[in-house]
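File shown: data.pdb (PDB, C-alpha atoms).
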ATOM      1  CA  MET A   1      -2.543  21.944 -11.332
ATOM      2  CA  SER A   2      -5.628  19.851 -10.630
ATOM      3  CA  ASN A   3      -8.365  19.449  -8.055
ATOM      4  CA  VAL A   4      -7.592  16.189  -6.267
ATOM      5  CA  ALA A   5      -9.808  14.451  -3.715
ATOM      6  CA  VAL A   6      -8.133  11.949  -1.400
ATOM      7  CA  ILE A   7     -10.406   9.506   0.393
ATOM      8  CA  GLY A   8      -8.597   7.746   3.240
ATOM      9  CA  LEU A   9      -5.979   9.712   5.178
ATOM     10  CA  GLY A  10      -4.195   6.940   7.034
ATOM     11  CA  ILE A  11      -0.529   6.013   7.294
ATOM     12  CA  MET A  12      -0.165   6.184   3.514
ATOM     13  CA  GLY A  13      -2.992   8.428   2.384
ATOM     14  CA  LEU A  14      -2.161  11.442   4.553
ATOM     15  CA  PRO A  15       1.457  11.886   3.419
ATOM     16  CA  MET A  16       0.380  11.321  -0.178
ATOM     17  CA  ALA A  17      -2.242  14.053   0.186
ATOM     18  CA  LYS A  18       0.296  16.394   1.794
ATOM     19  CA  ASN A  19       2.726  15.848  -1.077
ATOM     20  CA  LEU A  20       0.021  16.596  -3.615
ATOM     21  CA  ALA A  21      -0.730  19.858  -1.818
ATOM     22  CA  SER A  22       2.979  20.701  -1.681
ATOM     23  CA  ALA A  23       3.184  20.129  -5.437
ATOM     24  CA  GLY A  24       0.556  22.815  -5.980
ATOM     25  CA  HIS A  25      -2.585  20.735  -6.463
ATOM     26  CA  THR A  26      -5.802  21.722  -4.718
ATOM     27  CA  VAL A  27      -6.355  18.778  -2.369
ATOM     28  CA  THR A  28      -9.570  17.999  -0.544
ATOM     29  CA  GLY A  29      -9.451  15.111   1.898
ATOM     30  CA  PHE A  30     -12.003  12.975   3.667
ATOM     31  CA  ASN A  31     -11.397  10.444   6.411
ATOM     32  CA  ARG A  32     -13.548   8.711   9.003
ATOM     33  CA  SER A  33     -11.571  10.387  11.812
ATOM     34  CA  GLN A  34     -11.454  14.173  11.935
ATOM     35  CA  GLY A  35      -7.879  14.311  13.270
ATOM     36  CA  ALA A  36      -6.389  13.209   9.957
ATOM     37  CA  ILE A  37      -8.445  15.778   8.065
ATOM     38  CA  ASP A  38      -7.194  18.492  10.410
ATOM     39  CA  LYS A  39      -3.590  17.473   9.700
ATOM     40  CA  LEU A  40      -4.184  17.797   5.961
ATOM     41  CA  VAL A  41      -5.766  21.228   6.401
ATOM     42  CA  ALA A  42      -2.742  22.314   8.462
ATOM     43  CA  ALA A  43      -0.547  21.229   5.534
ATOM     44  CA  GLY A  44      -2.476  23.338   3.019
ATOM     45  CA  GLY A  45      -5.295  21.003   2.039
ATOM     46  CA  LYS A  46      -9.051  21.355   2.374
ATOM     47  CA  ALA A  47     -11.563  19.407   4.446
ATOM     48  CA  GLY A  48     -14.364  17.428   2.849
ATOM     49  CA  ALA A  49     -17.513  17.093   4.945
ATOM     50  CA  SER A  50     -18.295  13.771   3.271
ATOM     51  CA  ILE A  51     -17.128  11.648   0.364
ATOM     52  CA  ALA A  52     -19.691  13.335  -1.862
ATOM     53  CA  ASP A  53     -18.519  16.783  -0.784
ATOM     54  CA  ALA A  54     -14.831  15.931  -1.223
ATOM     55  CA  VAL A  55     -15.201  14.657  -4.789
ATOM     56  CA  LYS A  56     -17.827  17.035  -6.199
ATOM     57  CA  ASP A  57     -15.300  19.239  -8.058
ATOM     58  CA  ALA A  58     -12.469  16.722  -8.425
ATOM     59  CA  ASP A  59     -10.473  16.163 -11.575
ATOM     60  CA  PHE A  60      -8.847  13.194  -9.837
ATOM     61  CA  VAL A  61     -10.043  11.041  -6.951
ATOM     62  CA  ILE A  62      -7.553   8.931  -5.016
ATOM     63  CA  THR A  63      -8.845   6.222  -2.699
ATOM     64  CA  MET A  64      -6.468   4.748  -0.121
ATOM     65  CA  VAL A  65      -8.389   2.425   2.190
ATOM     66  CA  PRO A  66      -7.542  -0.964   3.735
ATOM     67  CA  ASP A  67      -9.371  -3.694   1.782
ATOM     68  CA  SER A  68     -11.689  -4.647  -1.072
ATOM     69  CA  PRO A  69     -14.950  -4.093   0.885
ATOM     70  CA  ASP A  70     -13.713  -0.676   2.004
ATOM     71  CA  VAL A  71     -13.036   0.412  -1.577
ATOM     72  CA  GLU A  72     -16.440  -0.826  -2.675
ATOM     73  CA  ALA A  73     -18.075   1.060   0.201
ATOM     74  CA  VAL A  74     -16.511   4.422  -0.646
ATOM     75  CA  VAL A  75     -17.081   4.303  -4.405
ATOM     76  CA  SER A  76     -20.557   2.752  -4.589
ATOM     77  CA  GLY A  77     -24.027   3.926  -3.620
ATOM     78  CA  PRO A  78     -25.689   7.352  -3.685
ATOM     79  CA  ASP A  79     -23.067   8.903  -1.389
ATOM     80  CA  GLY A  80     -20.046   7.305  -3.070
ATOM     81  CA  VAL A  81     -17.409   8.453  -5.515
ATOM     82  CA  PHE A  82     -19.082   7.179  -8.688
ATOM     83  CA  ALA A  83     -22.366   8.960  -8.009
ATOM     84  CA  ASN A  84     -20.817  12.279  -7.044
ATOM     85  CA  ALA A  85     -17.542  12.833  -8.921
ATOM     86  CA  PRO A  86     -17.800  14.827 -12.172
ATOM     87  CA  LYS A  87     -18.108  12.849 -15.384
ATOM     88  CA  GLY A  88     -14.676  12.313 -16.869
ATOM     89  CA  ALA A  89     -12.874  12.459 -13.527
ATOM     90  CA  VAL A  90     -10.031   9.960 -13.122
ATOM     91  CA  TRP A  91     -10.395   7.578 -10.185
ATOM     92  CA  ILE A  92      -7.053   6.286  -8.894
ATOM     93  CA  ASP A  93      -7.416   3.447  -6.414
ATOM     94  CA  ALA A  94      -4.128   3.265  -4.512
ATOM     95  CA  SER A  95      -5.460   0.628  -2.114
ATOM     96  CA  SER A  96      -4.286  -2.983  -2.279
ATOM     97  CA  ILE A  97      -7.288  -5.140  -3.131
ATOM     98  CA  ARG A  98      -8.244  -8.296  -5.008
ATOM     99  CA  PRO A  99      -7.570  -8.076  -8.766
ATOM    100  CA  ASP A 100     -11.036  -9.430  -9.599
ATOM    101  CA  VAL A 101     -12.672  -6.738  -7.457
ATOM    102  CA  ALA A 102     -10.516  -4.085  -9.115
ATOM    103  CA  LYS A 103     -11.692  -5.222 -12.552
ATOM    104  CA  ARG A 104     -15.340  -5.275 -11.505
ATOM    105  CA  LEU A 105     -15.211  -1.826  -9.897
ATOM    106  CA  SER A 106     -13.361  -0.465 -12.920
ATOM    107  CA  ALA A 107     -16.255  -1.598 -15.111
ATOM    108  CA  ASP A 108     -18.701   0.076 -12.703
ATOM    109  CA  ALA A 109     -16.647   3.281 -12.892
ATOM    110  CA  VAL A 110     -16.712   3.328 -16.695
ATOM    111  CA  ALA A 111     -20.477   2.801 -16.622
ATOM    112  CA  ALA A 112     -20.734   5.850 -14.346
ATOM    113  CA  GLY A 113     -18.584   7.988 -16.661
ATOM    114  CA  ILE A 114     -15.514   7.793 -14.419
ATOM    115  CA  ARG A 115     -12.055   6.855 -15.756
ATOM    116  CA  PRO A 116     -10.537   4.115 -13.548
ATOM    117  CA  LEU A 117      -6.926   3.314 -12.699
ATOM    118  CA  ASP A 118      -5.927   0.683 -10.171
ATOM    119  CA  ALA A 119      -2.647   2.025  -8.834
ATOM    120  CA  PRO A 120      -1.472   0.253  -5.682
ATOM    121  CA  VAL A 121       1.791   1.476  -4.204
ATOM    122  CA  SER A 122       4.906   0.033  -2.595
ATOM    123  CA  GLY A 123       7.442   1.760  -0.390
ATOM    124  CA  GLY A 124       5.713   1.940   2.971
ATOM    125  CA  GLU A 125       5.104   4.971   5.133
ATOM    126  CA  GLN A 126       8.574   6.432   4.550
ATOM    127  CA  GLY A 127       8.183   6.093   0.799
ATOM    128  CA  ALA A 128       4.877   7.938   1.026
ATOM    129  CA  ILE A 129       6.426  10.697   3.160
ATOM    130  CA  ASP A 130       9.361  11.096   0.771
ATOM    131  CA  ALA A 131       7.140  10.880  -2.361
ATOM    132  CA  VAL A 132       9.243   8.042  -3.768
ATOM    133  CA  LEU A 133       6.603   5.317  -3.932
ATOM    134  CA  SER A 134       6.683   2.629  -6.582
ATOM    135  CA  ILE A 135       3.316   2.666  -8.330
ATOM    136  CA  MET A 136       2.038  -0.139 -10.540
ATOM    137  CA  VAL A 137      -0.876   1.048 -12.643
ATOM    138  CA  GLY A 138      -3.645  -0.826 -14.417
ATOM    139  CA  GLY A 139      -6.035   0.877 -16.839
ATOM    140  CA  THR A 140      -5.972   2.469 -20.264
ATOM    141  CA  ALA A 141      -2.839   4.118 -21.591
ATOM    142  CA  GLU A 142      -4.809   7.341 -22.133
ATOM    143  CA  ASP A 143      -5.971   7.544 -18.513
ATOM    144  CA  PHE A 144      -2.494   6.639 -17.259
ATOM    145  CA  ALA A 145      -1.022   9.509 -19.261
ATOM    146  CA  ALA A 146      -3.667  11.908 -17.952
ATOM    147  CA  ALA A 147      -2.752  11.044 -14.364
ATOM    148  CA  GLY A 148       0.980  11.575 -14.834
ATOM    149  CA  ALA A 149       1.310  14.814 -12.872
ATOM    150  CA  VAL A 150      -0.757  13.504  -9.963
ATOM    151  CA  LEU A 151       1.077  10.191  -9.712
ATOM    152  CA  GLY A 152       4.403  11.981 -10.135
ATOM    153  CA  ALA A 153       3.709  14.058  -7.026
ATOM    154  CA  VAL A 154       3.571  10.963  -4.804
ATOM    155  CA  GLY A 155       5.805   8.400  -6.519
ATOM    156  CA  LYS A 156       9.144   7.906  -8.207
ATOM    157  CA  THR A 157       8.836   4.619 -10.134
ATOM    158  CA  ILE A 158       5.511   4.756 -11.960
ATOM    159  CA  VAL A 159       4.778   2.068 -14.530
ATOM    160  CA  HIS A 160       1.719   1.220 -16.609
ATOM    161  CA  VAL A 161       1.508  -2.574 -16.307
ATOM    162  CA  GLY A 162      -1.592  -3.352 -18.348
ATOM    163  CA  PRO A 163      -5.410  -3.134 -18.365
ATOM    164  CA  SER A 164      -7.629  -2.755 -15.321
ATOM    165  CA  GLY A 165      -6.734  -5.221 -12.577
ATOM    166  CA  SER A 166      -3.121  -5.525 -13.679
ATOM    167  CA  GLY A 167      -1.877  -3.081 -11.066
ATOM    168  CA  GLN A 168      -3.406  -5.164  -8.292
ATOM    169  CA  THR A 169      -1.938  -8.354  -9.748
ATOM    170  CA  VAL A 170       1.552  -6.832  -9.764
ATOM    171  CA  LYS A 171       1.022  -5.534  -6.213
ATOM    172  CA  ALA A 172       0.132  -9.061  -5.070
ATOM    173  CA  ALA A 173       3.434 -10.275  -6.538
ATOM    174  CA  ASN A 174       5.192  -7.424  -4.754
ATOM    175  CA  GLN A 175       3.696  -8.438  -1.419
ATOM    176  CA  LEU A 176       4.747 -12.042  -1.981
ATOM    177  CA  ILE A 177       8.359 -10.995  -2.596
ATOM    178  CA  VAL A 178       8.422  -8.597   0.361
ATOM    179  CA  ALA A 179       6.985 -11.121   2.824
ATOM    180  CA  VAL A 180       9.426 -13.860   1.867
ATOM    181  CA  ASN A 181      12.329 -11.385   2.049
ATOM    182  CA  ILE A 182      11.311 -10.180   5.512
ATOM    183  CA  GLN A 183      11.074 -13.749   6.774
ATOM    184  CA  ALA A 184      14.475 -14.609   5.290
ATOM    185  CA  LEU A 185      16.008 -11.498   6.878
ATOM    186  CA  ALA A 186      14.442 -12.359  10.237
ATOM    187  CA  GLU A 187      15.907 -15.864  10.135
ATOM    188  CA  ALA A 188      19.305 -14.498   9.093
ATOM    189  CA  VAL A 189      19.400 -12.058  12.029
ATOM    190  CA  VAL A 190      18.433 -14.813  14.478
ATOM    191  CA  PHE A 191      21.212 -16.940  12.979
ATOM    192  CA  LEU A 192      23.785 -14.139  13.271
ATOM    193  CA  GLU A 193      22.831 -13.325  16.856
ATOM    194  CA  ALA A 194      23.111 -16.973  17.857
ATOM    195  CA  TYR A 195      26.805 -16.832  16.921
ATOM    196  CA  GLY A 196      27.470 -13.525  18.662
ATOM    197  CA  VAL A 197      28.320 -11.737  15.429
ATOM    198  CA  ASP A 198      28.413  -7.931  15.304
ATOM    199  CA  THR A 199      25.030  -7.682  13.633
ATOM    200  CA  ASP A 200      25.359  -4.023  12.641
ATOM    201  CA  ALA A 201      28.559  -4.835  10.763
ATOM    202  CA  ALA A 202      27.060  -8.002   9.325
ATOM    203  CA  LEU A 203      24.009  -6.253   7.901
ATOM    204  CA  LYS A 204      26.226  -3.526   6.456
ATOM    205  CA  VAL A 205      28.344  -5.964   4.476
ATOM    206  CA  LEU A 206      25.341  -8.108   3.487
ATOM    207  CA  GLY A 207      23.614  -4.989   2.222
ATOM    208  CA  GLY A 208      26.521  -4.323  -0.144
ATOM    209  CA  GLY A 209      26.367  -7.740  -1.791
ATOM    210  CA  LEU A 210      23.839  -9.896  -3.580
ATOM    211  CA  ALA A 211      21.857 -10.292  -0.346
ATOM    212  CA  GLY A 212      21.261  -6.544  -0.283
ATOM    213  CA  SER A 213      17.704  -5.305  -0.678
ATOM    214  CA  LYS A 214      15.374  -2.503   0.312
ATOM    215  CA  VAL A 215      13.891  -4.912   2.835
ATOM    216  CA  LEU A 216      17.312  -5.269   4.478
ATOM    217  CA  ASP A 217      17.871  -1.496   4.344
ATOM    218  CA  GLN A 218      14.484  -0.595   5.829
ATOM    219  CA  LYS A 219      13.753  -3.513   8.159
ATOM    220  CA  GLY A 220      17.148  -4.767   9.353
ATOM    221  CA  GLN A 221      17.685  -2.050  11.947
ATOM    222  CA  LYS A 222      14.102  -2.375  13.165
ATOM    223  CA  MET A 223      14.786  -6.033  13.912
ATOM    224  CA  LEU A 224      18.070  -5.269  15.691
ATOM    225  CA  ASP A 225      16.316  -2.593  17.761
ATOM    226  CA  ARG A 226      13.230  -4.760  18.390
ATOM    227  CA  ASN A 227      11.248  -1.748  17.205
ATOM    228  CA  PHE A 228       8.072  -2.824  15.454
ATOM    229  CA  ASP A 229       6.230   0.495  15.285
ATOM    230  CA  PRO A 230       4.091   0.136  12.179
ATOM    231  CA  GLY A 231       5.102   1.444   8.804
ATOM    232  CA  PHE A 232       3.028  -1.337   7.252
ATOM    233  CA  ARG A 233       0.981  -3.415   9.660
ATOM    234  CA  LEU A 234       1.075  -7.202   9.804
ATOM    235  CA  ALA A 235      -2.727  -7.214   9.617
ATOM    236  CA  LEU A 236      -2.598  -5.559   6.201
ATOM    237  CA  HIS A 237       0.144  -7.861   4.950
ATOM    238  CA  ASN A 238      -1.966 -10.780   6.168
ATOM    239  CA  LYS A 239      -4.800  -9.482   3.992
ATOM    240  CA  ASP A 240      -2.453  -9.105   1.024
ATOM    241  CA  LEU A 241      -1.048 -12.613   1.386
ATOM    242  CA  GLY A 242      -4.603 -13.916   1.438
ATOM    243  CA  ILE A 243      -5.050 -12.219  -1.937
ATOM    244  CA  VAL A 244      -1.814 -13.821  -3.190
ATOM    245  CA  THR A 245      -2.663 -17.361  -2.111
ATOM    246  CA  ALA A 246      -6.241 -17.162  -3.393
ATOM    247  CA  ALA A 247      -5.195 -15.710  -6.761
ATOM    248  CA  ALA A 248      -2.402 -18.271  -7.114
ATOM    249  CA  ARG A 249      -4.818 -21.098  -6.448
ATOM    250  CA  GLU A 250      -7.251 -19.683  -9.007
ATOM    251  CA  ALA A 251      -4.453 -19.517 -11.598
ATOM    252  CA  GLY A 252      -3.177 -23.012 -10.754
ATOM    253  CA  VAL A 253       0.164 -21.599  -9.580
ATOM    254  CA  VAL A 254       2.083 -23.111  -6.663
ATOM    255  CA  VAL A 255       3.658 -20.633  -4.192
ATOM    256  CA  PRO A 256       5.144 -22.822  -1.431
ATOM    257  CA  LEU A 257       7.340 -20.162   0.188
ATOM    258  CA  GLY A 258       4.591 -17.583  -0.007
ATOM    259  CA  SER A 259       2.086 -19.980   1.516
ATOM    260  CA  ALA A 260       4.431 -20.813   4.395
ATOM    261  CA  VAL A 261       5.101 -17.160   5.201
ATOM    262  CA  ALA A 262       1.385 -16.425   4.888
ATOM    263  CA  GLN A 263       0.761 -18.924   7.674
ATOM    264  CA  LEU A 264       3.422 -17.308   9.882
ATOM    265  CA  VAL A 265       1.921 -13.863   9.334
ATOM    266  CA  SER A 266      -1.554 -15.235  10.024
ATOM    267  CA  ALA A 267      -0.315 -16.767  13.284
ATOM    268  CA  LEU A 268       1.064 -13.423  14.461
ATOM    269  CA  VAL A 269      -2.194 -11.656  13.619
ATOM    270  CA  ALA A 270      -4.262 -14.362  15.320
ATOM    271  CA  ARG A 271      -2.357 -13.939  18.579
ATOM    272  CA  GLY A 272      -2.853 -10.168  18.602
ATOM    273  CA  ASP A 273       0.257  -8.816  16.867
ATOM    274  CA  GLY A 274      -1.530  -7.511  13.772
ATOM    275  CA  GLY A 275      -0.823  -3.909  14.729
ATOM    276  CA  LEU A 276       2.943  -4.410  14.537
ATOM    277  CA  ASP A 277       5.075  -3.554  11.532
ATOM    278  CA  HIS A 278       5.526  -6.519   9.195
ATOM    279  CA  SER A 279       9.128  -6.724  10.366
ATOM    280  CA  GLY A 280       7.449  -8.190  13.455
ATOM    281  CA  LEU A 281       7.930 -11.542  11.713
ATOM    282  CA  PHE A 282      11.261 -11.380  13.549
ATOM    283  CA  LYS A 283       9.428 -11.849  16.875
ATOM    284  CA  LEU A 284       8.119 -15.215  15.789
ATOM    285  CA  ALA A 285      11.474 -16.218  14.330
ATOM    286  CA  THR A 286      13.176 -15.576  17.672
ATOM    287  CA  GLU A 287      10.498 -17.440  19.599
ATOM    288  CA  LEU A 288      10.716 -20.483  17.373
ATOM    289  CA  SER A 289      14.449 -20.574  18.100
ATOM    290  CA  GLY A 290      13.963 -20.022  21.825
ATOM    291  CA  THR A 291      15.635 -16.596  21.833
ATOM    292  CA  LYS A 292      14.397 -13.041  22.353
TER
END
So that I can check it, write out the structure of this file as structure tokens.
Amino acid sequence: MSNVAVIGLGIMGLPMAKNLASAGHTVTGFNRSQGAIDKLVAAGGKAGASIADAVKDADFVITMVPDSPDVEAVVSGPDGVFANAPKGAVWIDASSIRPDVAKRLSADAVAAGIRPLDAPVSGGEQGAIDAVLSIMVGGTAEDFAAAGAVLGAVGKTIVHVGPSGSGQTVKAANQLIVAVNIQALAEAVVFLEAYGVDTDAALKVLGGGLAGSKVLDQKGQKMLDRNFDPGFRLALHNKDLGIVTAAAREAGVVVPLGSAVAQLVSALVARGDGGLDHSGLFKLATELSGTK
């Protein structure tokens, strides 16, 4: 078992840290709010007084924070991960950030004697709780192999997808697919309700055919219940779709459906719905059709 530091104990980071502790790793966590640290300690983890304190004896450091600037803030500078983690430690960034930033920070890590992996995850809060996350990993094959036991404690589908930055590129594609699927599901439910169909029965049979998906399984009932408690917030998906559209433009790739859904997500965030689950796209779909 290894010493693992987890920086960022939010909706995803806390259950990941708990699962690592349950697997037998020594887990030290740090978060800006003390309440999350206390929850980790109650689950068998340790409290870090600062980032520097949390990572000082770490074999592995996992960062799980919201955006590119947040990752840069926790790894850089005299109090950051790179300056305080032991030489040879493996840094696993599970955040979803820009691929170009991931590549640049990976180079900074190597220069500091740290072994970098960009390893964003998919599966939402429930996937983190159940330790069945899908993890797409960029970095060297050697460092990926070294991190196997740590990644295996939090995920189920764990794939090395290429050099540094590749994990974030695959995650951007994941977020494109998920957003378009959620929007399509939202429109389908509005359509079904307009005809008075038994929507529970309809989603059951749709889920057994080609239209079936994890999005339908996890988000369909939330839409029927009008329950948009966040598993993954619209504000974060808005950030991710910004990454998708910017990266697509840089590559000269056209993503018309992704761009359209990105605008719908942005509209919801702009009007104050960014704290809702991304299934909250259903709210806008109903409003555009004049229903509730």
Task: Which of A:Ala107, A:Leu281, A:Val255, A:Val41 sits closest to Arg226 in chain A [using only C-alpha atoms] - done: A:Leu281
Task: Residues in the PyMOL selection byres ((chain A and resi 248) around 12), expressed as a list in words - done: Arg98, Pro99, Thr169, Ala172, Ala173, Leu176, Leu241, Gly242, Ile243, Val244, Thr245, Ala246, Ala247, Arg249, Glu250, Ala251, Gly252, Val253, Val254, Val255, Pro256, Gly258 and Ser259 of chain A
Counting only C-alpha atoms, which residues of range 169-278 of chain A fall within 10 Å of range 58-77 of chain A, and what is the closest atom pair for each with its distance in Å at one decimal, ordered by chain and rising number, as CSV?
residue,atom,partner,partner_atom,distance
A:Ala235,CA,A:Pro66,CA,9.8
A:Leu236,CA,A:Pro66,CA,7.2
A:Lys239,CA,A:Asp67,CA,7.7
A:Asp240,CA,A:Asp67,CA,8.8
How close does range 17-97 of chain A get to range 121-145 of chain A? List, as CSV, each residue of range 17-97 of chain A within 10 Å, its nearest atom pair and the distance in Å to one decimal, counting only C-alpha atoms.
residue,atom,partner,partner_atom,distance
A:Ala17,CA,A:Ala128,CA,9.4
A:Lys18,CA,A:Ile129,CA,8.5
A:Asn19,CA,A:Ala131,CA,6.8
A:Leu20,CA,A:Ala131,CA,9.2
A:Met64,CA,A:Val121,CA,9.8
A:Ala89,CA,A:Asp143,CA,9.8
A:Val90,CA,A:Asp143,CA,7.2
A:Trp91,CA,A:Asp143,CA,9.4
A:Ile92,CA,A:Val137,CA,8.9
A:Asp93,CA,A:Val137,CA,9.3
A:Ala94,CA,A:Val121,CA,6.2
A:Ser95,CA,A:Val121,CA,7.6
A:Ser96,CA,A:Val121,CA,7.8
- [ ] May I ask for the distance between CA of Gln175 in chain A and CA of Ala262 in chain A, given in Å to one decimal place?
- [x]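 That distance, rounded to one decimal, is 10.4 Å.
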Open item on the list: Report, in Å with one decimal, the straight-line distance from CA of Asp198 in chain A to CA of Gly275 in chain A.
Closed with: 29.5 Å
Listed atoms of range 239-256 of chain A boxed axis-aligned with 5 Å per side, centre + edges as lines of an AutoDock Vina configuration file:
center_x = -1.1
center_y = -16.1
center_z = -3.8
size_x = 22.4
size_y = 24.0
size_z = 25.6
Task: Nearest to Leu192 in chain A by atom-to-atom distance, counting all atoms listed in the file, from A:Leu234, A:Leu40, A:Leu206, A:Val265 - done: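 Nearest to Leu192 in chain A: A:Leu206.
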TODO: To verify the selection step, state as an MDAnalysis selection string which residues the PyMOL selection byres ((chain A and resi 279) around 7) yields on this input.
DONE: chainID A and resid 182 219 223 228 277:278 280:282
- [ ] Choose the residue, out of A:Gly167, A:Gly29, A:Gly209, A:Gly220, that has the smallest atom-to-atom separation from Ala188 in chain A; count all atoms listed in the file.
- [x]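 Smallest separation from Ala188 in chain A among the options: A:Gly220.
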Task: Shell of 10 Å around Glu187 in chain A, only C-alpha atoms, local chain residues under 6 positions omitted, as number ranges by chain - done: A: 181, 193, 281-282, 284-286, 289
